[in-house]
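A short worksheet on the structure shown next.
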Amino acid sequence: MSSSSEKPTPKKPTPLNCLMGATISGALGYALYNLTASIIQTFANKPLTSSNTLVLRIGSLVRTLVMGVASLGTFIFFFVSFGLILLAMQLLFQKEKTTKS
């Protein structure tokens, strides 16, 4: 019964794991960047055509929301990638500091 209540100790991050995660996140961020650019280009090439003001406002709102969500996803993946690179550098400097002491 005591073995089931014990929690496994989490693995400590290594610089290599951080850099691999940063590479994956950066690749996904780049793919989302290309998707966002494609969405924006498509919306720019196909303007809304209607004489109804409500239709134009709702169409503009939907386009803004789609571009915003795509841009937010792009930012999040690039931000995570940047954070993982900084974490890898921090772990490397901590390792060097402990080996010199």
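By order in the structure tokens, chains are A, B, ...; within a chain, residues start at 1; ligands start at 1, following the order shown.
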Range 75-80 of chain A surroundings by only C-alpha atoms, 7 Å radius, close-in-sequence under 3 positions cut, as a VMD selection string: chain A and resid 25 to 26 28 to 29 71 to 72 83 to 84
With N, CA and C atoms retained, write the just-selected residues as a compact mmCIF listing (two decimals), in the first residue's frame.
```txt
# COMPACT_ATOMS: atom_id res chain seq x y z
N SER A 25 8.94 23.37 -30.81
CA SER A 25 8.05 24.52 -30.65
C SER A 25 8.33 25.58 -31.72
N GLY A 26 9.59 25.79 -32.04
CA GLY A 26 9.93 26.75 -33.09
C GLY A 26 9.41 26.32 -34.45
N LEU A 28 6.77 24.40 -35.00
CA LEU A 28 5.31 24.61 -34.98
C LEU A 28 4.97 26.10 -35.08
N GLY A 29 5.76 26.94 -34.43
CA GLY A 29 5.55 28.38 -34.52
C GLY A 29 5.75 28.89 -35.94
N SER A 71 -2.60 34.52 -34.87
CA SER A 71 -1.44 35.27 -34.41
C SER A 71 -1.08 34.92 -32.97
N LEU A 72 -2.09 34.71 -32.13
CA LEU A 72 -1.84 34.34 -30.75
C LEU A 72 -1.15 32.98 -30.67
N GLY A 83 11.71 30.73 -24.43
CA GLY A 83 11.86 30.40 -23.02
C GLY A 83 12.66 29.12 -22.81
N LEU A 84 12.44 28.12 -23.66
CA LEU A 84 13.20 26.88 -23.53
C LEU A 84 14.68 27.08 -23.86
```
Selection: 9 Å around Met67 in chain A, only C-alpha atoms, excl. self and same-chain fewer than 6 positions, as an NGL selection string: :A and (36 or 39-40)
Could you dump the residues just selected with C-alpha atoms as a tab-separated table (two decimals), in the first residue's frame?
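That gives us selection26.tsv:
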```
chain	number	residue	atom	x	y	z
A	36	THR	CA	-1.25	33.21	-40.37
A	39	ILE	CA	-4.90	33.68	-43.87
A	40	ILE	CA	-4.13	37.41	-43.87
```
Contacts of Ile85 in chain A within 7 Å, only C-alpha atoms, excl. fewer than 6 positions in-chain, as JSON, numbers by chain: {"A": [18, 19, 22]}
In chain A, DSSP alpha helix (DSSP H) residues written as a ChimeraX atom specification: /A:2-5,15-45,53-100
